[in-house]
Each structure stands twice: as structure tokens, then as C-alpha cells.
>>> print(open('upload_36.cif').read())   # mmCIF, C-alpha atoms and all ligand atoms
data_upload
#
loop_
_atom_site.label_atom_id
_atom_site.label_comp_id
_atom_site.auth_asym_id
_atom_site.auth_seq_id
_atom_site.Cartn_x
_atom_site.Cartn_y
_atom_site.Cartn_z
CA MET A 287 -14.21 -8.20 -10.06
CA ARG A 288 -15.16 -5.70 -7.40
CA ILE A 289 -17.69 -7.11 -5.00
CA PHE A 290 -18.55 -4.85 -2.13
CA ASN A 291 -18.89 -6.56 1.22
CA GLY A 292 -19.46 -3.70 3.59
CA LYS A 293 -21.21 -3.65 6.92
CA VAL A 294 -24.93 -3.85 7.19
CA ASN A 295 -26.38 -0.38 7.67
CA ASP A 296 -29.43 -0.79 9.83
CA ARG A 297 -30.54 2.85 9.73
CA SER A 298 -34.20 3.12 8.84
CA GLY A 299 -33.56 6.26 6.76
CA PRO A 300 -33.84 10.01 7.15
CA ASP A 301 -37.20 11.23 8.43
CA GLU A 302 -37.56 13.72 5.56
CA LEU A 303 -37.61 10.83 3.07
CA ASN A 304 -40.39 9.10 4.89
CA GLY A 305 -43.03 11.72 4.06
CA GLY A 306 -44.94 10.94 7.23
CA GLY A 307 -45.32 7.34 6.09
CA ARG A 308 -46.67 8.24 2.68
CA PHE A 309 -43.54 7.49 0.64
CA VAL A 310 -41.95 4.50 2.30
CA MET A 311 -43.59 1.11 2.19
CA SER A 312 -42.77 -1.04 5.16
CA ARG A 313 -40.46 -3.83 4.07
CA LYS A 314 -42.37 -6.35 6.15
CA ASP A 315 -45.46 -5.76 3.99
CA PHE A 316 -43.61 -5.81 0.71
CA VAL A 317 -43.61 -8.94 -1.46
CA PRO A 318 -41.52 -8.55 -4.62
CA ALA A 319 -43.09 -9.61 -7.90
CA TYR A 320 -40.40 -12.23 -8.49
CA VAL A 321 -41.18 -13.84 -5.11
CA ARG A 322 -44.84 -14.10 -6.07
CA ALA A 323 -43.75 -15.56 -9.43
CA PHE A 324 -41.51 -18.03 -7.59
CA LYS A 325 -44.34 -19.16 -5.31
CA ASP A 326 -46.52 -19.75 -8.38
CA GLY A 327 -43.73 -21.71 -10.08
CA VAL A 328 -43.69 -19.20 -12.93
CA LEU A 329 -40.18 -17.91 -12.25
CA GLN A 330 -38.67 -21.40 -12.34
CA GLU A 331 -40.58 -22.23 -15.54
CA ARG A 332 -39.44 -19.03 -17.27
CA ALA A 333 -35.86 -19.56 -16.16
CA GLU A 334 -35.79 -23.06 -17.61
CA GLN A 335 -37.30 -21.88 -20.89
CA ALA A 336 -34.88 -18.97 -21.10
CA ILE A 337 -31.83 -21.17 -20.52
CA GLU A 338 -33.08 -23.64 -23.16
CA SER A 339 -33.47 -20.73 -25.61
CA LEU A 340 -29.70 -20.21 -25.48
CA ARG A 341 -29.33 -23.25 -27.77
CA SER A 342 -30.36 -21.01 -30.67
CA CYS A 343 -30.03 -17.57 -29.20
CA CYS A 344 -32.68 -14.98 -30.02
CA VAL A 345 -32.53 -13.35 -26.61
CA CYS A 346 -32.19 -9.94 -28.24
CA PRO A 347 -33.12 -8.59 -31.70
CA ARG A 348 -29.71 -9.58 -33.11
CA ASP A 349 -31.20 -13.06 -33.53
CA CYS A 350 -27.77 -14.65 -33.89
CA GLU A 351 -29.27 -18.14 -33.58
CA ILE A 352 -26.00 -19.55 -32.31
CA ASP A 353 -25.63 -22.16 -29.58
CA ARG A 354 -24.68 -20.17 -26.52
CA PHE A 355 -25.65 -23.14 -24.36
CA ASN A 356 -22.46 -24.74 -25.68
CA ASN A 357 -20.48 -21.51 -25.55
CA LYS A 358 -20.71 -20.46 -29.19
CA ILE A 359 -20.30 -16.68 -29.38
CA GLY A 360 -22.57 -14.19 -31.15
CA VAL A 361 -22.56 -10.39 -31.41
CA CYS A 362 -22.66 -9.90 -27.64
CA LYS A 363 -19.62 -12.22 -27.16
CA SER A 364 -21.37 -13.91 -24.24
CA GLY A 365 -21.57 -17.67 -23.87
CA ARG A 366 -23.41 -19.89 -21.40
CA LEU A 367 -22.41 -17.89 -18.31
CA ALA A 368 -22.98 -14.23 -17.47
CA ARG A 369 -19.96 -12.04 -16.88
CA VAL A 370 -20.01 -9.61 -13.94
CA ALA A 371 -17.72 -6.58 -14.03
CA SER A 372 -18.64 -5.15 -10.65
CA ALA A 373 -21.29 -5.19 -7.95
CA PHE A 374 -21.63 -2.59 -5.23
CA PRO A 375 -24.00 -0.13 -3.49
CA HIS A 376 -24.33 2.57 -6.16
CA PHE A 377 -24.81 6.14 -4.91
CA GLY A 378 -24.76 7.66 -8.39
CA GLU A 379 -28.26 6.56 -9.27
CA GLU A 380 -31.36 8.72 -8.84
CA ASP A 381 -32.34 9.51 -5.24
CA CYS A 382 -35.32 7.20 -5.31
CA LEU A 383 -33.05 4.30 -6.29
CA ARG A 384 -29.99 4.95 -4.15
CA GLY A 385 -31.86 5.99 -0.99
CA TRP A 386 -29.42 6.19 1.90
CA ASN A 387 -27.73 2.78 1.57
CA GLY A 388 -27.21 2.70 -2.18
CA SER A 389 -28.69 0.77 -5.07
CA GLY A 390 -27.40 -2.81 -5.25
CA THR A 391 -25.95 -2.53 -8.70
CA ILE A 392 -24.64 -5.38 -10.81
CA PHE A 393 -22.78 -4.39 -13.98
CA PHE A 394 -22.67 -7.12 -16.60
CA GLY A 395 -19.74 -7.56 -18.95
CA TRP A 396 -20.18 -7.49 -22.74
CA CYS A 397 -23.21 -6.04 -24.47
CA ASN A 398 -25.35 -6.65 -27.52
CA LEU A 399 -25.49 -3.00 -28.66
CA ARG A 400 -21.86 -1.98 -29.30
CA CYS A 401 -22.59 1.77 -29.08
CA VAL A 402 -19.52 3.83 -29.96
CA PHE A 403 -20.36 6.35 -27.22
CA CYS A 404 -20.74 3.83 -24.38
CA GLN A 405 -19.90 5.31 -20.97
CA ASN A 406 -18.86 1.85 -19.73
CA PHE A 407 -16.72 0.95 -22.71
CA GLU A 408 -14.24 -1.31 -20.88
CA THR A 409 -17.14 -3.31 -19.51
CA SER A 410 -19.38 -3.45 -22.56
CA GLN A 411 -16.76 -3.75 -25.31
CA PHE A 412 -13.70 -5.31 -23.64
CA GLY A 413 -15.62 -7.70 -21.42
CA GLU A 414 -14.18 -6.48 -18.14
CA GLY A 415 -15.03 -8.83 -15.26
CA ALA A 416 -15.33 -12.56 -14.75
CA GLU A 417 -17.81 -15.26 -15.64
CA VAL A 418 -20.05 -16.35 -12.78
CA THR A 419 -22.22 -19.40 -12.30
CA ALA A 420 -25.89 -19.03 -11.41
CA ALA A 421 -25.08 -19.82 -7.78
CA GLU A 422 -22.34 -17.18 -7.71
CA LEU A 423 -24.61 -14.55 -9.26
CA ALA A 424 -27.28 -15.40 -6.70
CA GLN A 425 -24.74 -14.97 -3.90
CA ILE A 426 -23.80 -11.53 -5.26
CA MET A 427 -27.47 -10.51 -5.00
CA LEU A 428 -27.68 -11.84 -1.45
CA ASP A 429 -24.46 -10.05 -0.47
CA LEU A 430 -25.88 -6.75 -1.75
CA GLN A 431 -29.03 -7.36 0.27
CA LYS A 432 -26.96 -8.12 3.37
CA THR A 433 -25.00 -4.91 2.82
CA GLY A 434 -28.24 -2.96 3.20
CA CYS A 435 -28.91 -1.95 -0.41
CA HIS A 436 -32.48 -0.93 -1.19
CA ASN A 437 -32.80 -2.89 -4.41
CA ILE A 438 -31.03 -5.14 -6.89
CA ASN A 439 -30.18 -3.09 -9.96
CA PHE A 440 -29.30 -5.04 -13.11
CA VAL A 441 -27.37 -2.77 -15.46
CA THR A 442 -27.61 -3.61 -19.16
CA PRO A 443 -28.74 -7.20 -18.64
CA GLU A 444 -30.47 -7.86 -21.95
CA HIS A 445 -27.93 -10.35 -23.30
CA VAL A 446 -27.90 -12.28 -20.00
CA VAL A 447 -31.61 -12.36 -19.19
CA PRO A 448 -31.66 -16.19 -19.05
CA GLN A 449 -28.69 -16.27 -16.67
CA VAL A 450 -30.28 -13.62 -14.42
CA LEU A 451 -33.53 -15.57 -14.22
CA GLU A 452 -31.63 -18.77 -13.44
CA ALA A 453 -29.73 -17.04 -10.63
CA LEU A 454 -32.83 -15.32 -9.29
CA VAL A 455 -34.47 -18.67 -8.58
CA ILE A 456 -31.49 -19.63 -6.40
CA ALA A 457 -31.40 -16.19 -4.76
CA VAL A 458 -35.08 -16.39 -3.79
CA GLU A 459 -34.47 -19.80 -2.25
CA GLY A 460 -31.59 -18.16 -0.35
CA GLY A 461 -33.81 -15.38 1.03
CA LEU A 462 -33.62 -12.54 -1.50
CA ARG A 463 -36.49 -10.14 -0.86
CA LEU A 464 -35.33 -6.76 -2.23
CA HIS A 465 -37.25 -5.27 -5.08
CA SER A 466 -35.49 -5.43 -8.43
CA CYS A 467 -34.98 -2.83 -11.10
CA ILE A 468 -33.53 -2.71 -14.55
CA THR A 469 -31.25 0.11 -15.58
CA HIS A 470 -30.41 0.92 -19.17
CA ARG A 471 -31.99 -0.17 -22.32
CA LEU A 472 -33.73 -3.37 -23.09
CA THR A 473 -35.61 -4.21 -26.20
CA THR A 474 -37.31 -7.57 -26.32
CA ALA A 475 -36.13 -8.62 -22.87
CA TRP A 476 -38.77 -6.52 -21.12
CA LYS A 477 -41.28 -9.21 -22.07
CA VAL A 478 -39.28 -11.77 -20.13
CA PHE A 479 -38.69 -9.48 -17.15
CA SER A 480 -42.25 -8.21 -16.98
CA GLY A 481 -44.16 -9.65 -14.07
CA TRP A 482 -41.22 -10.00 -11.75
CA THR A 483 -39.46 -6.65 -11.63
CA GLU A 484 -40.91 -3.53 -10.02
CA LEU A 485 -39.06 -0.70 -11.67
CA TRP A 486 -37.60 0.20 -15.05
CA THR A 487 -35.20 3.06 -15.62
CA SER A 488 -34.94 2.91 -19.37
CA THR A 489 -32.68 5.13 -21.38
CA CYS A 490 -33.46 5.85 -25.01
CA ARG A 491 -30.06 5.94 -26.74
CA ILE A 492 -30.96 5.87 -30.40
CA SER A 493 -33.94 5.36 -32.64
CA ASN A 494 -34.02 4.32 -36.25
CA SER A 495 -37.37 5.94 -36.89
CA GLY A 496 -36.60 8.72 -39.35
CA THR A 497 -32.83 8.55 -38.85
CA PRO A 498 -31.74 5.06 -39.94
CA SER A 499 -28.35 6.25 -41.21
CA ILE A 500 -27.46 7.75 -37.82
CA ALA A 501 -28.46 4.54 -36.04
CA GLU A 502 -26.42 2.46 -38.47
CA ASN A 503 -23.35 4.66 -38.04
CA ILE A 504 -23.52 4.36 -34.28
CA LEU A 505 -24.10 0.62 -34.20
CA SER A 506 -22.13 -0.29 -37.33
CA PRO A 507 -24.19 -1.53 -40.31
CA ALA A 508 -22.82 -5.06 -39.99
CA ILE A 509 -24.41 -5.48 -36.58
CA THR A 510 -27.58 -3.42 -36.89
CA PRO A 511 -30.39 -5.36 -35.16
CA LYS A 512 -32.90 -7.11 -37.30
CA PRO A 513 -36.36 -5.52 -37.28
CA ARG A 514 -39.02 -7.54 -35.50
CA ALA A 515 -42.76 -7.52 -35.71
CA GLN A 516 -44.28 -6.24 -32.46
S1 LIG B 1 -26.35 -10.59 -29.53
FE1 LIG B 1 -26.10 -12.13 -27.93
S2 LIG B 1 -28.09 -12.12 -26.84
FE2 LIG B 1 -28.43 -11.12 -28.81
S3 LIG B 1 -29.15 -12.79 -30.16
FE3 LIG B 1 -26.90 -12.57 -30.44
S4 LIG B 1 -26.00 -14.09 -29.04
FE4 LIG B 1 -28.16 -13.77 -28.40
#
>>> encode(input="upload_36.cif", output="C-alpha cells", more="lines below")
Ligand code: SF4
Amino acid sequence: MRIFNGKVNDRSGPDELNGGGRFVMSRKDFVPAYVRAFKDGVLQERAEQAIESLRSCCVCPRDCEIDRFNNKIGVCKSGRLARVASAFPHFGEEDCLRGWNGSGTIFFGWCNLRCVFCQNFETSQFGEGAEVTAAELAQIMLDLQKTGCHNINFVTPEHVVPQVLEALVIAVEGGLRLHSCITHRLTTAWKVFSGWTELWTSTCRISNSGTPSIAENILSPAITPKPRAQ
């Protein structure tokens, strides 16, 4: 696992990005949505419910209904714990995400989609990385904050939404105050994340509206997600 532990960069940022104060919100005035949810007790409640839901997992539209709480494995090959492949200040994201200190990116191992064209194939299909406890995942977030990253960027977290929520509670208790964002596709998980993340950078990879055969070829018919009522 590659965890970046660089020096804190205390630069306030280039003047041209400030826009005369119009574009940059002072961090002292900023209260992340998940901190507000934590103060209301909502974050803890959702985290507990999400972890309980692992006992018959329907975290994503695969609806495997297997007991991940006791490490049974479904389509995404993930058990009770999240797997982290890497975490580091990412300078390959869009300018508004990477800023001048990088986006605090956490890449999760395994995936529930199994796209044949995945750009992170070793991570998503071979499970690159190591399992982490909630406390360890929280510490990764805090390390990224200490490094000076502008945000915490969860990459392809849909299959580990419960584990992220569980870790976020610990991270908030430990002083996490960066805003959070979600990169890459989520389907049903946005309902769980909504209310405590500020930014979504969704990518539409495929759609089965009008082209079901293409979607099935890419995902493999045996693992095509079950349709759900909205
Ligand atoms: S693919 Fe994974 S996250 Fe999705 S329902 Fe199956 S076990 Fe749960």
C-alpha cells in the first residue's frame, strides 16, 4: 500500500486562484456537511445502519444478499473490511480538485462493476492493496489532511460505503475537517452519501437504455446488475 506522508505545505495558494476572494472560501468559515451530520448524530446512525446492512448485502444494485459482515464474498469480492490500494495527494484530478497541494485521494481495492476497460484494472479486478480497519482508514484520511490536501477524494467507493461511513465517524472525532468528494460512478450509494459530501465527480461509463446488449457485453451477462425501482 502506498500511503503518502509528505510535509505539510502551508502555502495559502496562488493569488490568481483566489479571484480577489470570490473563489476561495476561508477554511475557518467552512463546516463540512459530514461534520454537521456528526454533530446531529446522523452520521453515526447512518454508519451503524450501513454496517448492519452488510449482513445481507444490497449496498449496490448487484443485491448479492450475502453476509459480508461475516466475510462472505459477493460479486465485488469485498468482505467486512475495505481494501485500500493507495492514498496520496493526487495532481491528476481537475484543477478545482487538485488545487496546489493535491486532492487527498483514496483508491479502494476491488469493485462491483467489473468493466473490461477499467483504467485501474489491477486495483479493481485483482484487489491490489490491503484490508484496513475503520480506525486505519480514518488515520489515512487524517494523514492526507495533515499533508495539506484540499479534500478527501474517495475513488470508486460504492462497494465500501458502509466502511467509509464507519471510518468517517472516527476521522471526525480525530479532527477531520476537509471537504469530501466522490470520484467515479456510484449508483444507489449516492443516497447514502447525500447530505455529507460536498462534491460529486461522476463518470457515466455505460448505460443500458437502448443498448442493453452492449452493457451486458461489457459487464458480462452473469453479473449484470439487477434493475431497481427508483
Ligand atoms: S457486489 Fe458487493 S456491494 Fe454489491 S451487493 Fe454484492 S456484495 Fe454487496
>>> closest_atom_pairs(input="upload_36.cif", of="chain A", to="ligand LIG 1 (chain B)", cutoff="12 Å", atoms="only C-alpha atoms and all ligand atoms", output="tab-separated table")
residue	atom	partner	partner_atom	distance
A:Ala336	CA	B:LIG1	FE4	11.2
A:Ile337	CA	B:LIG1	FE4	11.4
A:Ser339	CA	B:LIG1	FE4	9.2
A:Leu340	CA	B:LIG1	FE4	7.2
A:Arg341	CA	B:LIG1	FE4	9.6
A:Ser342	CA	B:LIG1	FE4	7.9
A:Cys343	CA	B:LIG1	FE4	4.3
A:Cys344	CA	B:LIG1	S3	4.2
A:Val345	CA	B:LIG1	S2	4.6
A:Cys346	CA	B:LIG1	FE2	4.0
A:Pro347	CA	B:LIG1	S3	6.0
A:Arg348	CA	B:LIG1	S3	4.4
A:Asp349	CA	B:LIG1	S3	4.0
A:Cys350	CA	B:LIG1	FE3	4.1
A:Glu351	CA	B:LIG1	S3	6.4
A:Ile352	CA	B:LIG1	S4	6.4
A:Asp353	CA	B:LIG1	S4	8.1
A:Arg354	CA	B:LIG1	S4	6.7
A:Phe355	CA	B:LIG1	S4	10.2
A:Asn356	CA	B:LIG1	S4	11.7
A:Asn357	CA	B:LIG1	S4	9.9
A:Lys358	CA	B:LIG1	S4	8.3
A:Ile359	CA	B:LIG1	S4	6.3
A:Gly360	CA	B:LIG1	S4	4.0
A:Val361	CA	B:LIG1	S1	4.2
A:Cys362	CA	B:LIG1	FE1	4.1
A:Lys363	CA	B:LIG1	FE1	6.5
A:Ser364	CA	B:LIG1	FE1	6.3
A:Gly365	CA	B:LIG1	S4	7.7
A:Arg366	CA	B:LIG1	S4	9.9
A:Leu367	CA	B:LIG1	S2	11.8
A:Ala368	CA	B:LIG1	S2	10.9
A:Gly395	CA	B:LIG1	FE1	11.9
A:Trp396	CA	B:LIG1	FE1	9.1
A:Cys397	CA	B:LIG1	S1	7.5
A:Asn398	CA	B:LIG1	S1	4.5
A:Leu399	CA	B:LIG1	S1	7.7
A:Arg400	CA	B:LIG1	S1	9.7
A:Thr442	CA	B:LIG1	S2	11.5
A:Pro443	CA	B:LIG1	S2	9.6
A:Glu444	CA	B:LIG1	S2	6.9
A:His445	CA	B:LIG1	S2	4.0
A:Val446	CA	B:LIG1	S2	6.8
A:Val447	CA	B:LIG1	S2	8.4
A:Pro448	CA	B:LIG1	S2	9.5
A:Gln449	CA	B:LIG1	S2	11.0
A:Leu472	CA	B:LIG1	FE2	11.0
A:Thr473	CA	B:LIG1	FE2	10.3
A:Thr474	CA	B:LIG1	FE2	9.9
A:Ala475	CA	B:LIG1	S2	9.6
A:Ile509	CA	B:LIG1	S1	8.9
A:Thr510	CA	B:LIG1	S1	10.3
A:Pro511	CA	B:LIG1	S1	8.7
A:Lys512	CA	B:LIG1	S3	9.9
>>> closest_residue(input="upload_36.cif", among="A:Asp429, A:Glu334, A:Glu408, A:Glu414", to="Thr391 of chain A", atoms="only C-alpha atoms")
A:Asp429
>>> closest_residue(input="upload_36.cif", among="A:Leu464, A:Cys435, A:Val458, A:Cys404", to="Leu329 of chain A", atoms="only C-alpha atoms")
A:Val458
>>> closest_residue(input="upload_36.cif", among="A:Ile438, A:Val317, A:Lys325, A:Glu459", to="Leu383 of chain A", atoms="only C-alpha atoms")
A:Ile438
>>> atom_distance(input="upload_36.cif", atom1="atom CA of Ala421 of chain A", atom2="atom CA of Val455 of chain A")
9.5 Å
>>> closest_residue(input="upload_36.cif", among="A:Ala416, A:Leu462, A:Ala457, A:Val370", to="Val441 of chain A", atoms="only C-alpha atoms")
A:Val370
>>> decode(input="upload_36.cif", residues="segment 409-471 of chain A", atoms="C-alpha atoms", output="short mmCIF file (atom, residue, chain, number, x, y, z; two decimals), in the first residue's frame")
data_model
loop_
_atom_site.label_atom_id
_atom_site.label_comp_id
_atom_site.auth_asym_id
_atom_site.auth_seq_id
_atom_site.Cartn_x
_atom_site.Cartn_y
_atom_site.Cartn_z
CA THR A 409 -6.87 -2.39 -8.30
CA SER A 410 -10.45 -3.11 -9.31
CA GLN A 411 -10.08 -6.67 -10.61
CA PHE A 412 -7.02 -8.10 -8.83
CA GLY A 413 -7.70 -6.48 -5.48
CA GLU A 414 -4.40 -4.65 -5.23
CA GLY A 415 -3.84 -3.22 -1.74
CA ALA A 416 -4.52 -4.30 1.82
CA GLU A 417 -7.53 -4.53 4.08
CA VAL A 418 -7.82 -1.73 6.62
CA THR A 419 -9.86 -1.38 9.78
CA ALA A 420 -12.12 1.61 10.29
CA ALA A 421 -9.51 3.19 12.57
CA GLU A 422 -6.79 2.69 9.95
CA LEU A 423 -8.95 4.17 7.19
CA ALA A 424 -9.70 7.15 9.43
CA GLN A 425 -5.98 7.64 10.04
CA ILE A 426 -5.35 7.63 6.27
CA MET A 427 -7.86 10.49 5.92
CA LEU A 428 -6.20 12.41 8.75
CA ASP A 429 -2.74 11.86 7.24
CA LEU A 430 -3.94 13.28 3.92
CA GLN A 431 -5.33 16.30 5.75
CA LYS A 432 -2.04 16.77 7.60
CA THR A 433 -0.18 16.58 4.29
CA GLY A 434 -2.10 19.65 3.13
CA CYS A 435 -4.55 18.09 0.66
CA HIS A 436 -7.59 20.20 -0.17
CA ASN A 437 -10.14 17.41 0.11
CA ILE A 438 -10.67 13.71 0.74
CA ASN A 439 -11.40 12.03 -2.56
CA PHE A 440 -12.97 8.56 -2.40
CA VAL A 441 -12.38 6.79 -5.71
CA THR A 442 -14.92 4.12 -6.63
CA PRO A 443 -16.22 3.62 -3.10
CA GLU A 444 -19.65 2.19 -3.84
CA HIS A 445 -18.97 -1.33 -2.56
CA VAL A 446 -17.39 0.02 0.65
CA VAL A 447 -19.83 2.80 1.53
CA PRO A 448 -20.56 1.28 4.97
CA GLN A 449 -16.86 1.01 5.78
CA VAL A 450 -16.24 4.62 4.67
CA LEU A 451 -19.05 5.89 6.87
CA GLU A 452 -17.76 3.88 9.81
CA ALA A 453 -14.27 5.33 9.36
CA LEU A 454 -15.55 8.85 8.82
CA VAL A 455 -17.09 8.90 12.29
CA ILE A 456 -13.67 8.11 13.79
CA ALA A 457 -11.94 10.62 11.50
CA VAL A 458 -14.28 13.43 12.55
CA GLU A 459 -13.59 12.62 16.19
CA GLY A 460 -9.89 12.83 15.28
CA GLY A 461 -10.25 16.29 13.73
CA LEU A 462 -11.01 15.71 10.04
CA ARG A 463 -12.40 18.92 8.57
CA LEU A 464 -11.61 18.75 4.83
CA HIS A 465 -14.49 18.67 2.43
CA SER A 466 -15.12 15.29 0.82
CA CYS A 467 -15.78 14.32 -2.75
CA ILE A 468 -16.65 11.19 -4.61
CA THR A 469 -14.90 10.32 -7.84
CA HIS A 470 -16.20 7.76 -10.29
CA ARG A 471 -19.51 6.17 -10.59
#
